[in-house]
>>> print(open('my_file_27.pdb').read())   # PDB, C-alpha atoms
ATOM      1  CA  MET K 203       0.000   0.000   0.000
ATOM      2  CA  THR K 204       1.383   3.428  -0.923
ATOM      3  CA  GLU K 205       1.951   6.128   1.682
ATOM      4  CA  SER K 206      -0.868   8.238   0.272
ATOM      5  CA  SER K 207      -3.385   5.393   0.728
ATOM      6  CA  GLU K 208      -2.394   4.289   4.236
ATOM      7  CA  TRP K 209      -5.252   6.280   5.733
ATOM      8  CA  LEU K 210      -7.862   4.234   3.842
ATOM      9  CA  ILE K 211     -10.048   1.970   6.022
ATOM     10  CA  TYR K 212     -12.190   0.527   3.251
ATOM     11  CA  ARG K 213      -9.856  -0.515   0.386
ATOM     12  CA  GLY K 214     -12.332  -1.893  -2.142
ATOM     13  CA  ALA K 215     -10.253  -5.050  -2.597
ATOM     14  CA  GLY K 216     -13.020  -7.552  -1.814
ATOM     15  CA  GLU K 217     -10.977  -9.114   0.984
ATOM     16  CA  PRO K 218     -12.139  -9.002   4.643
ATOM     17  CA  HIS K 219      -9.676  -7.394   7.049
ATOM     18  CA  ASP K 220      -9.569  -5.717  10.501
ATOM     19  CA  GLY K 221      -9.286  -2.166   9.224
ATOM     20  CA  MET K 222     -12.106  -0.924  11.471
ATOM     21  CA  SER K 223      -9.750  -1.279  14.427
ATOM     22  CA  ARG K 224      -7.681   1.565  12.941
ATOM     23  CA  LEU K 225     -10.621   3.972  12.581
ATOM     24  CA  PRO K 226      -9.822   7.016  14.754
ATOM     25  CA  PRO K 227     -12.341   8.649  17.100
ATOM     26  CA  PRO K 228     -15.101  10.610  15.327
ATOM     27  CA  PRO K 229     -15.102  14.400  15.011
ATOM     28  CA  PRO K 230     -16.467  15.996  18.209
ATOM     29  CA  TRP K 231     -19.633  17.119  16.416
ATOM     30  CA  ARG K 232     -20.331  13.538  15.193
ATOM     31  CA  ASP K 233     -19.613  11.650  18.427
ATOM     32  CA  PHE K 234     -22.797   9.910  19.564
ATOM     33  CA  ALA K 235     -21.257   7.345  21.934
ATOM     34  CA  GLY K 236     -21.484   9.567  25.006
ATOM     35  CA  ARG K 237     -25.242   9.970  24.912
ATOM     36  CA  ASP K 238     -27.451   8.144  27.383
ATOM     37  CA  ALA K 239     -30.468   6.034  26.524
ATOM     38  CA  GLU K 240     -32.636   9.115  25.959
ATOM     39  CA  GLY K 241     -30.098  10.757  23.704
ATOM     40  CA  ASP K 242     -29.427  13.696  25.996
ATOM     41  CA  GLY K 243     -26.526  12.699  28.173
ATOM     42  CA  ASP K 244     -23.347  14.611  28.919
ATOM     43  CA  GLY K 245     -21.264  13.233  26.034
ATOM     44  CA  SER K 246     -21.491  14.673  22.533
ATOM     45  CA  ARG K 247     -24.027  17.323  23.581
ATOM     46  CA  ASP K 248     -21.634  18.732  26.182
ATOM     47  CA  ARG K 249     -18.802  18.721  23.664
ATOM     48  CA  ARG K 250     -20.919  20.701  21.210
ATOM     49  CA  LEU K 251     -21.946  23.117  23.959
ATOM     50  CA  GLY K 252     -18.294  23.364  24.951
ATOM     51  CA  ALA K 253     -17.374  24.324  21.398
ATOM     52  CA  HIS K 254     -20.090  26.992  21.409
ATOM     53  CA  ARG K 255     -18.816  28.346  24.727
ATOM     54  CA  HIS K 256     -15.255  28.399  23.420
ATOM     55  CA  LEU K 257     -16.380  30.274  20.318
ATOM     56  CA  ALA K 258     -18.268  32.699  22.554
ATOM     57  CA  GLU K 259     -15.148  33.338  24.637
ATOM     58  CA  LEU K 260     -13.034  34.003  21.558
ATOM     59  CA  HIS K 261     -15.624  36.007  19.601
ATOM     60  CA  ARG K 262     -14.569  39.620  18.982
ATOM     61  CA  PRO K 263     -17.309  41.510  17.126
ATOM     62  CA  GLY K 264     -16.605  44.411  14.814
ATOM     63  CA  ALA K 265     -17.788  47.943  15.593
ATOM     64  CA  GLU K 266     -21.027  47.726  13.568
ATOM     65  CA  GLU K 267     -21.872  44.300  14.968
ATOM     66  CA  LEU K 268     -21.291  45.570  18.505
ATOM     67  CA  GLU K 269     -23.547  48.581  17.967
ATOM     68  CA  MET K 270     -26.410  46.576  16.459
ATOM     69  CA  ILE K 271     -26.302  43.990  19.257
ATOM     70  CA  ASN K 272     -26.523  46.722  21.869
ATOM     71  CA  ALA K 273     -29.292  48.484  19.949
ATOM     72  CA  ALA K 274     -31.336  45.269  20.075
ATOM     73  CA  LEU K 275     -30.662  44.929  23.810
ATOM     74  CA  TYR K 276     -31.666  48.516  24.573
ATOM     75  CA  LEU K 277     -34.770  48.495  22.356
ATOM     76  CA  ARG K 278     -35.900  44.954  23.297
ATOM     77  CA  ARG K 279     -36.154  44.143  19.615
ATOM     78  CA  PRO K 280     -35.225  40.924  17.777
ATOM     79  CA  LEU K 281     -31.891  41.014  15.956
ATOM     80  CA  LEU K 282     -32.079  39.755  12.364
ATOM     81  CA  VAL K 283     -28.612  38.610  11.301
ATOM     82  CA  THR K 284     -27.959  37.813   7.653
ATOM     83  CA  GLY K 285     -24.780  36.539   6.045
ATOM     84  CA  SER K 286     -23.156  33.612   4.305
ATOM     85  CA  PRO K 287     -22.769  30.205   6.000
ATOM     86  CA  GLY K 288     -19.942  30.344   8.533
ATOM     87  CA  ALA K 289     -20.061  34.118   8.976
ATOM     88  CA  GLY K 290     -20.615  33.727  12.730
ATOM     89  CA  LYS K 291     -24.367  34.354  12.933
ATOM     90  CA  SER K 292     -25.060  31.648  15.525
ATOM     91  CA  THR K 293     -21.898  32.443  17.480
ATOM     92  CA  LEU K 294     -23.226  35.924  18.117
ATOM     93  CA  ALA K 295     -26.114  34.579  20.213
ATOM     94  CA  HIS K 296     -23.797  32.372  22.274
ATOM     95  CA  SER K 297     -21.361  35.257  22.781
ATOM     96  CA  VAL K 298     -24.085  37.520  24.204
ATOM     97  CA  ALA K 299     -25.415  34.765  26.473
ATOM     98  CA  TYR K 300     -21.917  33.933  27.745
ATOM     99  CA  GLU K 301     -20.750  37.487  28.414
ATOM    100  CA  LEU K 302     -23.983  38.662  30.056
ATOM    101  CA  GLY K 303     -24.575  35.495  32.091
ATOM    102  CA  LEU K 304     -27.951  34.720  30.496
ATOM    103  CA  GLY K 305     -27.676  30.918  30.625
ATOM    104  CA  ASP K 306     -27.738  28.381  27.818
ATOM    105  CA  VAL K 307     -29.008  29.539  24.452
ATOM    106  CA  LEU K 308     -32.439  28.238  23.473
ATOM    107  CA  ARG K 309     -32.281  27.131  19.838
ATOM    108  CA  TRP K 310     -35.103  26.723  17.342
ATOM    109  CA  SER K 311     -33.765  25.318  14.058
ATOM    110  CA  ILE K 312     -36.166  26.164  11.257
ATOM    111  CA  VAL K 313     -37.103  23.788   8.432
ATOM    112  CA  SER K 314     -39.645  24.158   5.641
ATOM    113  CA  ARG K 315     -42.355  22.495   7.762
ATOM    114  CA  SER K 316     -41.809  24.598  10.896
ATOM    115  CA  THR K 317     -44.857  26.389  12.283
ATOM    116  CA  LEU K 318     -45.360  28.947  15.032
ATOM    117  CA  GLN K 319     -46.954  26.195  17.122
ATOM    118  CA  ASP K 320     -43.677  24.228  17.035
ATOM    119  CA  GLY K 321     -41.876  27.125  18.635
ATOM    120  CA  LEU K 322     -44.518  27.841  21.292
ATOM    121  CA  TYR K 323     -45.654  24.502  22.722
ATOM    122  CA  HIS K 324     -46.755  20.952  21.951
ATOM    123  CA  TYR K 325     -49.782  19.251  23.514
ATOM    124  CA  ASP K 326     -49.675  15.469  23.209
ATOM    125  CA  ALA K 327     -53.411  14.756  23.149
ATOM    126  CA  ILE K 328     -52.919  11.227  21.827
ATOM    127  CA  ALA K 329     -50.656  10.223  24.721
ATOM    128  CA  ARG K 330     -53.148  11.637  27.214
ATOM    129  CA  LEU K 331     -56.036   9.738  25.626
ATOM    130  CA  GLN K 332     -54.047   6.521  25.702
ATOM    131  CA  ASP K 333     -53.167   7.030  29.369
ATOM    132  CA  VAL K 334     -56.799   7.766  30.235
ATOM    133  CA  GLN K 335     -57.875   4.532  28.558
ATOM    134  CA  ILE K 336     -55.204   2.528  30.374
ATOM    135  CA  ALA K 337     -56.151   4.118  33.706
ATOM    136  CA  ALA K 338     -59.863   3.375  33.122
ATOM    137  CA  GLN K 339     -59.094  -0.265  32.352
ATOM    138  CA  GLY K 340     -57.111  -0.452  35.573
ATOM    139  CA  GLY K 341     -60.017   0.942  37.582
ATOM    140  CA  TYR K 342     -58.315   4.207  38.552
ATOM    141  CA  GLY K 343     -61.088   6.427  37.199
ATOM    142  CA  ALA K 344     -60.342  10.142  37.366
ATOM    143  CA  ALA K 345     -58.687  10.252  40.759
ATOM    144  CA  ALA K 346     -56.404  13.209  41.447
ATOM    145  CA  GLY K 347     -53.104  12.711  39.709
ATOM    146  CA  SER K 348     -54.481  10.169  37.233
ATOM    147  CA  PRO K 349     -54.301  10.958  33.491
ATOM    148  CA  GLY K 350     -58.024  11.764  33.425
ATOM    149  CA  ALA K 351     -57.783  14.430  36.136
ATOM    150  CA  VAL K 352     -57.530  18.038  34.993
ATOM    151  CA  GLU K 353     -54.447  18.478  37.207
ATOM    152  CA  ALA K 354     -52.587  16.009  34.996
ATOM    153  CA  ILE K 355     -52.971  17.901  31.731
ATOM    154  CA  GLY K 356     -49.708  19.778  32.221
ATOM    155  CA  SER K 357     -47.829  16.477  31.969
ATOM    156  CA  TYR K 358     -48.744  16.387  28.292
ATOM    157  CA  ILE K 359     -47.661  19.936  27.453
ATOM    158  CA  ARG K 360     -44.092  20.889  26.602
ATOM    159  CA  LEU K 361     -43.076  24.422  25.761
ATOM    160  CA  GLY K 362     -40.996  24.956  22.640
ATOM    161  CA  PRO K 363     -37.880  27.172  22.482
ATOM    162  CA  LEU K 364     -39.887  30.334  21.778
ATOM    163  CA  GLY K 365     -42.446  29.483  24.444
ATOM    164  CA  THR K 366     -39.687  28.839  26.995
ATOM    165  CA  ALA K 367     -37.955  32.127  26.137
ATOM    166  CA  LEU K 368     -41.190  34.002  26.869
ATOM    167  CA  LEU K 369     -41.565  32.674  30.416
ATOM    168  CA  PRO K 370     -41.477  35.442  33.031
ATOM    169  CA  SER K 371     -38.013  35.962  34.490
ATOM    170  CA  ALA K 372     -35.915  38.745  35.989
ATOM    171  CA  THR K 373     -33.341  38.541  33.190
ATOM    172  CA  PRO K 374     -33.985  37.651  29.547
ATOM    173  CA  ARG K 375     -33.194  34.317  27.948
ATOM    174  CA  VAL K 376     -31.319  34.190  24.653
ATOM    175  CA  LEU K 377     -33.264  32.578  21.811
ATOM    176  CA  LEU K 378     -31.649  31.622  18.500
ATOM    177  CA  ILE K 379     -34.175  31.162  15.682
ATOM    178  CA  ASP K 380     -31.795  29.640  13.180
ATOM    179  CA  GLU K 381     -32.137  29.866   9.378
ATOM    180  CA  LEU K 382     -35.520  31.559   9.243
ATOM    181  CA  ASP K 383     -35.156  31.816   5.467
ATOM    182  CA  LYS K 384     -35.782  28.047   5.252
ATOM    183  CA  SER K 385     -39.341  28.459   6.541
ATOM    184  CA  ASP K 386     -42.478  28.497   4.438
ATOM    185  CA  ILE K 387     -43.948  31.839   3.436
ATOM    186  CA  ASP K 388     -46.274  32.109   6.471
ATOM    187  CA  LEU K 389     -43.950  31.686   9.454
ATOM    188  CA  PRO K 390     -42.281  35.160   9.399
ATOM    189  CA  ASN K 391     -45.724  36.800   9.440
ATOM    190  CA  ASP K 392     -46.987  34.381  12.102
ATOM    191  CA  LEU K 393     -44.134  35.431  14.391
ATOM    192  CA  LEU K 394     -45.094  39.106  14.300
ATOM    193  CA  ASN K 395     -47.733  39.186  17.039
ATOM    194  CA  VAL K 396     -45.822  37.001  19.478
ATOM    195  CA  LEU K 397     -42.616  39.019  19.061
ATOM    196  CA  GLU K 398     -44.550  42.274  19.400
ATOM    197  CA  GLU K 399     -46.689  41.334  22.399
ATOM    198  CA  GLY K 400     -44.254  39.038  24.229
ATOM    199  CA  GLU K 401     -46.987  36.623  25.219
ATOM    200  CA  PHE K 402     -49.139  33.744  24.008
ATOM    201  CA  GLU K 403     -52.005  31.564  25.187
ATOM    202  CA  ILE K 404     -52.353  27.820  25.691
ATOM    203  CA  PRO K 405     -56.045  27.127  24.934
ATOM    204  CA  GLU K 406     -55.894  23.612  26.394
ATOM    205  CA  LEU K 407     -55.109  25.164  29.798
ATOM    206  CA  GLN K 408     -57.400  28.173  29.457
ATOM    207  CA  ARG K 409     -60.447  25.949  28.962
ATOM    208  CA  ILE K 410     -59.952  24.289  32.347
ATOM    209  CA  ALA K 411     -58.267  27.117  34.284
ATOM    210  CA  ASP K 412     -61.217  27.437  36.658
ATOM    211  CA  ARG K 413     -60.851  23.770  37.605
ATOM    212  CA  LEU K 414     -57.109  23.909  38.255
ATOM    213  CA  PRO K 415     -55.699  24.632  41.734
ATOM    214  CA  ASP K 416     -55.119  28.417  41.727
ATOM    215  CA  GLY K 417     -55.619  28.248  37.962
ATOM    216  CA  GLU K 418     -52.106  26.809  37.561
ATOM    217  CA  ALA K 419     -50.727  23.807  35.706
ATOM    218  CA  GLU K 420     -47.195  22.459  35.751
ATOM    219  CA  VAL K 421     -45.645  22.054  32.286
ATOM    220  CA  LEU K 422     -42.228  21.106  30.923
ATOM    221  CA  THR K 423     -39.913  23.641  29.274
ATOM    222  CA  ALA K 424     -37.769  23.137  26.184
ATOM    223  CA  ASP K 425     -34.685  22.669  28.359
ATOM    224  CA  GLY K 426     -36.304  20.063  30.604
ATOM    225  CA  THR K 427     -37.373  21.944  33.724
ATOM    226  CA  LYS K 428     -40.889  22.165  35.180
ATOM    227  CA  VAL K 429     -42.656  25.507  35.530
ATOM    228  CA  ARG K 430     -46.137  26.585  36.526
ATOM    229  CA  VAL K 431     -48.375  28.400  34.026
ATOM    230  CA  ARG K 432     -51.288  30.416  35.380
ATOM    231  CA  ASP K 433     -54.607  30.814  33.545
ATOM    232  CA  GLY K 434     -53.165  29.262  30.395
ATOM    233  CA  ARG K 435     -51.142  32.372  29.524
ATOM    234  CA  VAL K 436     -47.372  32.792  29.166
ATOM    235  CA  ARG K 437     -46.230  36.412  29.380
ATOM    236  CA  CYS K 438     -42.589  37.463  29.506
ATOM    237  CA  GLY K 439     -41.242  39.769  32.205
ATOM    238  CA  ALA K 440     -37.989  40.593  30.437
ATOM    239  CA  PHE K 441     -38.228  40.358  26.654
ATOM    240  CA  PRO K 442     -35.782  37.673  25.443
ATOM    241  CA  PHE K 443     -32.762  38.531  23.338
ATOM    242  CA  VAL K 444     -33.913  36.992  20.057
ATOM    243  CA  VAL K 445     -31.465  36.347  17.226
ATOM    244  CA  LEU K 446     -33.033  35.475  13.888
ATOM    245  CA  THR K 447     -30.496  34.205  11.363
ATOM    246  CA  SER K 448     -30.751  34.017   7.588
ATOM    247  CA  ASN K 449     -28.400  32.927   4.830
ATOM    248  CA  GLY K 450     -30.020  35.493   2.570
ATOM    249  CA  GLU K 451     -31.911  32.967   0.454
ATOM    250  CA  ARG K 452     -35.123  35.034   0.548
ATOM    251  CA  ASP K 453     -36.518  38.441   1.485
ATOM    252  CA  PHE K 454     -38.721  38.909   4.529
ATOM    253  CA  PRO K 455     -41.968  40.911   4.725
ATOM    254  CA  ALA K 456     -41.678  44.582   5.634
ATOM    255  CA  PRO K 457     -43.722  44.221   8.864
ATOM    256  CA  LEU K 458     -41.116  41.772  10.222
ATOM    257  CA  MET K 459     -38.183  43.876   9.051
ATOM    258  CA  ARG K 460     -39.466  47.018  10.776
ATOM    259  CA  ARG K 461     -39.797  45.139  14.067
ATOM    260  CA  CYS K 462     -36.190  43.895  13.936
ATOM    261  CA  ILE K 463     -32.735  45.390  14.166
ATOM    262  CA  HIS K 464     -30.990  44.225  10.991
ATOM    263  CA  LEU K 465     -27.300  43.274  10.942
ATOM    264  CA  GLU K 466     -25.553  42.144   7.771
ATOM    265  CA  LEU K 467     -22.365  40.142   8.410
ATOM    266  CA  GLY K 468     -19.686  40.066   5.757
ATOM    267  CA  ARG K 469     -17.552  37.095   4.811
ATOM    268  CA  PRO K 470     -15.485  35.737   7.733
ATOM    269  CA  ASP K 471     -11.814  36.679   7.695
ATOM    270  CA  HIS K 472      -8.828  34.434   8.391
ATOM    271  CA  ASN K 473      -8.828  35.139  12.126
ATOM    272  CA  ARG K 474     -12.522  34.313  12.550
ATOM    273  CA  LEU K 475     -12.192  31.041  10.636
ATOM    274  CA  ALA K 476      -9.099  30.076  12.634
ATOM    275  CA  THR K 477     -11.056  30.757  15.832
ATOM    276  CA  PHE K 478     -13.884  28.575  14.528
ATOM    277  CA  VAL K 479     -11.461  25.699  13.852
ATOM    278  CA  ARG K 480      -9.718  26.078  17.233
ATOM    279  CA  ALA K 481     -13.036  25.938  19.083
ATOM    280  CA  HIS K 482     -13.964  22.622  17.467
ATOM    281  CA  LEU K 483     -10.611  20.912  16.849
ATOM    282  CA  GLY K 484      -8.015  22.647  19.027
ATOM    283  CA  ASP K 485      -4.986  24.872  18.477
ATOM    284  CA  GLU K 486      -2.841  22.216  16.776
ATOM    285  CA  ALA K 487      -5.472  21.509  14.130
ATOM    286  CA  ALA K 488      -5.885  25.224  13.459
ATOM    287  CA  ARG K 489      -2.154  25.625  12.920
ATOM    288  CA  ALA K 490      -1.913  22.523  10.729
ATOM    289  CA  GLY K 491      -4.888  23.654   8.647
ATOM    290  CA  ASP K 492      -3.747  27.240   8.175
ATOM    291  CA  ASP K 493      -3.054  26.677   4.484
ATOM    292  CA  LEU K 494      -6.530  25.193   3.992
ATOM    293  CA  ILE K 495      -8.063  28.222   5.696
ATOM    294  CA  THR K 496      -6.195  30.489   3.278
ATOM    295  CA  ARG K 497      -7.331  28.484   0.254
ATOM    296  CA  PHE K 498     -10.898  28.426   1.599
ATOM    297  CA  LEU K 499     -10.916  32.232   1.855
ATOM    298  CA  GLU K 500      -9.519  32.665  -1.652
ATOM    299  CA  ARG K 501     -12.181  30.392  -3.136
ATOM    300  CA  SER K 502     -14.992  31.967  -1.101
ATOM    301  CA  ARG K 503     -14.495  35.247  -2.966
ATOM    302  CA  SER K 504     -16.113  33.710  -6.039
ATOM    303  CA  GLU K 505     -17.810  30.551  -4.717
ATOM    304  CA  LEU K 506     -20.462  29.812  -2.107
ATOM    305  CA  LEU K 507     -18.799  27.693   0.575
ATOM    306  CA  ALA K 508     -19.690  26.771   4.170
ATOM    307  CA  ALA K 509     -17.394  26.776   7.175
ATOM    308  CA  ASP K 510     -18.574  23.248   8.056
ATOM    309  CA  GLN K 511     -16.858  22.062   4.875
ATOM    310  CA  LEU K 512     -13.606  23.576   6.108
ATOM    311  CA  LEU K 513     -13.945  21.760   9.436
ATOM    312  CA  ASN K 514     -14.518  18.455   7.656
ATOM    313  CA  ALA K 515     -11.500  18.992   5.418
ATOM    314  CA  ILE K 516      -9.102  19.922   8.235
ATOM    315  CA  TYR K 517     -10.215  17.013  10.402
ATOM    316  CA  LEU K 518     -10.012  14.410   7.649
ATOM    317  CA  THR K 519      -6.874  15.595   5.864
ATOM    318  CA  ASP K 520      -4.957  15.320   9.116
ATOM    319  CA  ALA K 521      -4.901  11.564   8.370
ATOM    320  CA  ALA K 522      -3.998  11.833   4.670
ATOM    321  CA  ALA K 523      -0.536  12.300   3.223
ATOM    322  CA  GLN K 524       0.433  14.715   0.448
ATOM    323  CA  PRO K 525      -0.614  14.904  -2.357
ATOM    324  CA  SER K 526      -3.822  13.121  -1.265
ATOM    325  CA  ARG K 527      -4.387  15.800   1.370
ATOM    326  CA  ASP K 528      -4.842  18.653  -1.117
ATOM    327  CA  ARG K 529      -6.959  16.591  -3.484
ATOM    328  CA  LEU K 530      -9.144  15.342  -0.634
ATOM    329  CA  ALA K 531      -9.639  18.887   0.665
ATOM    330  CA  ASP K 532     -10.823  20.015  -2.768
ATOM    331  CA  LEU K 533     -13.265  17.100  -2.925
ATOM    332  CA  LEU K 534     -14.714  17.968   0.473
ATOM    333  CA  ILE K 535     -14.914  21.722  -0.102
ATOM    334  CA  GLN K 536     -17.114  21.852  -3.165
ATOM    335  CA  ARG K 537     -18.949  25.001  -4.086
ATOM    336  CA  LEU K 538     -22.579  25.002  -3.032
ATOM    337  CA  ASP K 539     -23.755  27.208  -5.895
ATOM    338  CA  ARG K 540     -22.215  25.338  -8.825
ATOM    339  CA  PRO K 541     -24.369  25.068 -11.953
ATOM    340  CA  ARG K 542     -26.273  21.819 -12.351
TER     341      ARG K 542
END
>>> encode(input="my_file_27.pdb", output="structure tokens")
Amino acid sequence: MTESSEWLIYRGAGEPHDGMSRLPPPPPWRDFAGRDAEGDGDGSRDRRLGAHRHLAELHRPGAEELEMINAALYLRRPLLVTGSPGAGKSTLAHSVAYELGLGDVLRWSIVSRSTLQDGLYHYDAIARLQDVQIAAQGGYGAAAGSPGAVEAIGSYIRLGPLGTALLPSATPRVLLIDELDKSDIDLPNDLLNVLEEGEFEIPELQRIADRLPDGEAEVLTADGTKVRVRDGRVRCGAFPFVVLTSNGERDFPAPLMRRCIHLELGRPDHNRLATFVRAHLGDEAARAGDDLITRFLERSRSELLAADQLLNAIYLTDAAAQPSRDRLADLLIQRLDRPR
């Protein structure tokens, strides 16, 4: 086997071998082994949060970015951040949360099927019905604490990231609504009233509020804690610091734009990309991949690229010898806007 092919695990030779024993640990952002049975242990999730915290510590915003962030804080307005992939849009939210001691960032990742309801809360009516049927078969009836009792309804309600951010608190939470431009045409308009009023209702609780002790029900938040909601209404005390991000793939309606502070981030420079790599892979990887960072920046002047591609290339090419390293990097960092 040649030096340039020593890194290969699968060789395509049709002969069984023990190559899997040589497979190195996965990248930190693709390490699933540390998760517990419910998928939310302190393994890969903590490593990803650690990378976000490290990025937040190292983040040094420019003058315009600094001014727009503070304008949003003073005015209690959402901050709409647009820019190319890897420009540091998400890092901004983590940096504010870290420096101002506002806790973990609540994140709502938008897809084409996302609705306002997804962000506010979810009521699992089917699970409640099933539990009521099971309890009835067991002869429990509607005793207090059983699924059929009105007191139990909160067990089937979980607040979404937006709903959790709007809970009353002395200091605001930080909410990242990521890639809003991926949503369908209705979601930006649907957000308007909630972002303007800072409150929303849970009809399932309002209908039975007069039958609940003190009108309160205990529900679960997006980050796994239990809180009490009174009269089926969630109303913020301190308006959350909301960061809406967009890759610029679409325009937003004027009513949303006028309610937001708009920040346009330019392409990341060499220092910001090196910081990004250090946060995920460490100082040694950033130094070893300095040439790839330079090439990435040169290509990004005329091609649409994403910083995730750079991370993949630096991690993987660490195992490949020249000239395979350069060729492999080019294969991994392919332009995202190339003609079909």
>>> closest_residue(input="my_file_27.pdb", among="K:Gly264, K:Leu499, K:Phe441, K:Asp485", to="Arg375 of chain K", atoms="all atoms listed in the file")
K:Phe441
>>> resolve_selection(input="my_file_27.pdb", expression="the PyMOL selection byres ((chain K and resi 408-421) around 10)", output="list of chain:residue names")
K:Tyr323, K:Ala351, K:Val352, K:Glu353, K:Ala354, K:Ile355, K:Gly356, K:Ser357, K:Tyr358, K:Ile359, K:Arg360, K:Leu361, K:Glu403, K:Ile404, K:Pro405, K:Glu406, K:Leu407, K:Leu422, K:Thr423, K:Gly426, K:Thr427, K:Lys428, K:Val429, K:Arg430, K:Val431, K:Arg432, K:Asp433, K:Gly434, K:Arg435
>>> write_last_selection(input="my_file_27.pdb", atoms="C-alpha atoms", output="mmCIF file, in the frame of the given file")
data_model
loop_
_atom_site.group_PDB
_atom_site.id
_atom_site.type_symbol
_atom_site.label_atom_id
_atom_site.label_comp_id
_atom_site.auth_asym_id
_atom_site.auth_seq_id
_atom_site.Cartn_x
_atom_site.Cartn_y
_atom_site.Cartn_z
ATOM 1 C CA TYR K 323 -45.654 24.502 22.722
ATOM 2 C CA ALA K 351 -57.783 14.430 36.136
ATOM 3 C CA VAL K 352 -57.530 18.038 34.993
ATOM 4 C CA GLU K 353 -54.447 18.478 37.207
ATOM 5 C CA ALA K 354 -52.587 16.009 34.996
ATOM 6 C CA ILE K 355 -52.971 17.901 31.731
ATOM 7 C CA GLY K 356 -49.708 19.778 32.221
ATOM 8 C CA SER K 357 -47.829 16.477 31.969
ATOM 9 C CA TYR K 358 -48.744 16.387 28.292
ATOM 10 C CA ILE K 359 -47.661 19.936 27.453
ATOM 11 C CA ARG K 360 -44.092 20.889 26.602
ATOM 12 C CA LEU K 361 -43.076 24.422 25.761
ATOM 13 C CA GLU K 403 -52.005 31.564 25.187
ATOM 14 C CA ILE K 404 -52.353 27.820 25.691
ATOM 15 C CA PRO K 405 -56.045 27.127 24.934
ATOM 16 C CA GLU K 406 -55.894 23.612 26.394
ATOM 17 C CA LEU K 407 -55.109 25.164 29.798
ATOM 18 C CA LEU K 422 -42.228 21.106 30.923
ATOM 19 C CA THR K 423 -39.913 23.641 29.274
ATOM 20 C CA GLY K 426 -36.304 20.063 30.604
ATOM 21 C CA THR K 427 -37.373 21.944 33.724
ATOM 22 C CA LYS K 428 -40.889 22.165 35.180
ATOM 23 C CA VAL K 429 -42.656 25.507 35.530
ATOM 24 C CA ARG K 430 -46.137 26.585 36.526
ATOM 25 C CA VAL K 431 -48.375 28.400 34.026
ATOM 26 C CA ARG K 432 -51.288 30.416 35.380
ATOM 27 C CA ASP K 433 -54.607 30.814 33.545
ATOM 28 C CA GLY K 434 -53.165 29.262 30.395
ATOM 29 C CA ARG K 435 -51.142 32.372 29.524
#
>>> closest_residue(input="my_file_27.pdb", among="K:Asp306, K:Asp493, K:Glu505, K:Asp392", to="Ala531 of chain K", atoms="only C-alpha atoms")
K:Asp493
>>> residues_around(input="my_file_27.pdb", residues="segment 516-520 of chain K", least_positions_apart="5", cutoff="9 Å", atoms="all atoms listed in the file", output="list in words")
Pro229, Val479, Leu483, Ala487, Ala488, Ala490, Gly491, Leu494, Ile495, Gln511, Ser526, Arg527, Asp528, Leu530 and Ala531 of chain K
>>> closest_residue(input="my_file_27.pdb", among="K:Arg537, K:His261, K:Arg279, K:Arg529", to="Arg480 of chain K", atoms="only C-alpha atoms")
K:His261
>>> closest_residue(input="my_file_27.pdb", among="K:Gly288, K:Gly468, K:Ile271, K:Leu369", to="Phe498 of chain K", atoms="only C-alpha atoms")
K:Gly288
>>> closest_residue(input="my_file_27.pdb", among="K:Trp310, K:Phe234, K:Phe443, K:Phe402", to="Ala274 of chain K", atoms="all atoms listed in the file")
K:Phe443
>>> atom_distance(input="my_file_27.pdb", atom1="atom CA of Glu500 of chain K", atom2="atom CA of Glu208 of chain K")
29.8 Å
>>> closest_residue(input="my_file_27.pdb", among="K:Val445, K:Ala258, K:Leu534, K:Ala235", to="Glu301 of chain K", atoms="only C-alpha atoms")
K:Ala258
>>> atom_distance(input="my_file_27.pdb", atom1="atom CA of Arg315 of chain K", atom2="atom CA of Val283 of chain K")
21.5 Å
>>> residues_around(input="my_file_27.pdb", residues="Ser311 of chain K", least_positions_apart="6", cutoff="10 Å", atoms="all atoms listed in the file", output="list in words")
Gly321, Pro363, Leu378, Ile379, Asp380, Glu381, Leu382, Lys384, Ser385 and Thr447 of chain K
>>> resolve_selection(input="my_file_27.pdb", expression="the PyMOL selection byres ((chain K and resi 401) around 7)", output="PyMOL selection string")
chain K and resi 368+396+399-400+402+436-438
>>> residues_around(input="my_file_27.pdb", residues="segment 450-464 of chain K", least_positions_apart="2", cutoff="6 Å", atoms="all atoms listed in the file", output="ChimeraX atom specification")
/K:279-282,284,383,448
>>> atom_distance(input="my_file_27.pdb", atom1="atom CA of Pro227 of chain K", atom2="atom CA of Leu513 of chain K")
15.3 Å
>>> resolve_selection(input="my_file_27.pdb", expression="the PyMOL selection byres ((chain K and resi 376) around 7)", output="JSON, numbers by chain")
{"K": [295, 299, 304, 307, 308, 374, 375, 377, 378, 442, 443, 444]}
>>> axis_aligned_box(input="my_file_27.pdb", around="segment 396-414 of chain K", padding_each_side="6 Å", output="AutoDock Vina command-line options")
--center_x -51.9 --center_y 32.9 --center_z 28.7 --size_x 30.6 --size_y 30.7 --size_z 31.2
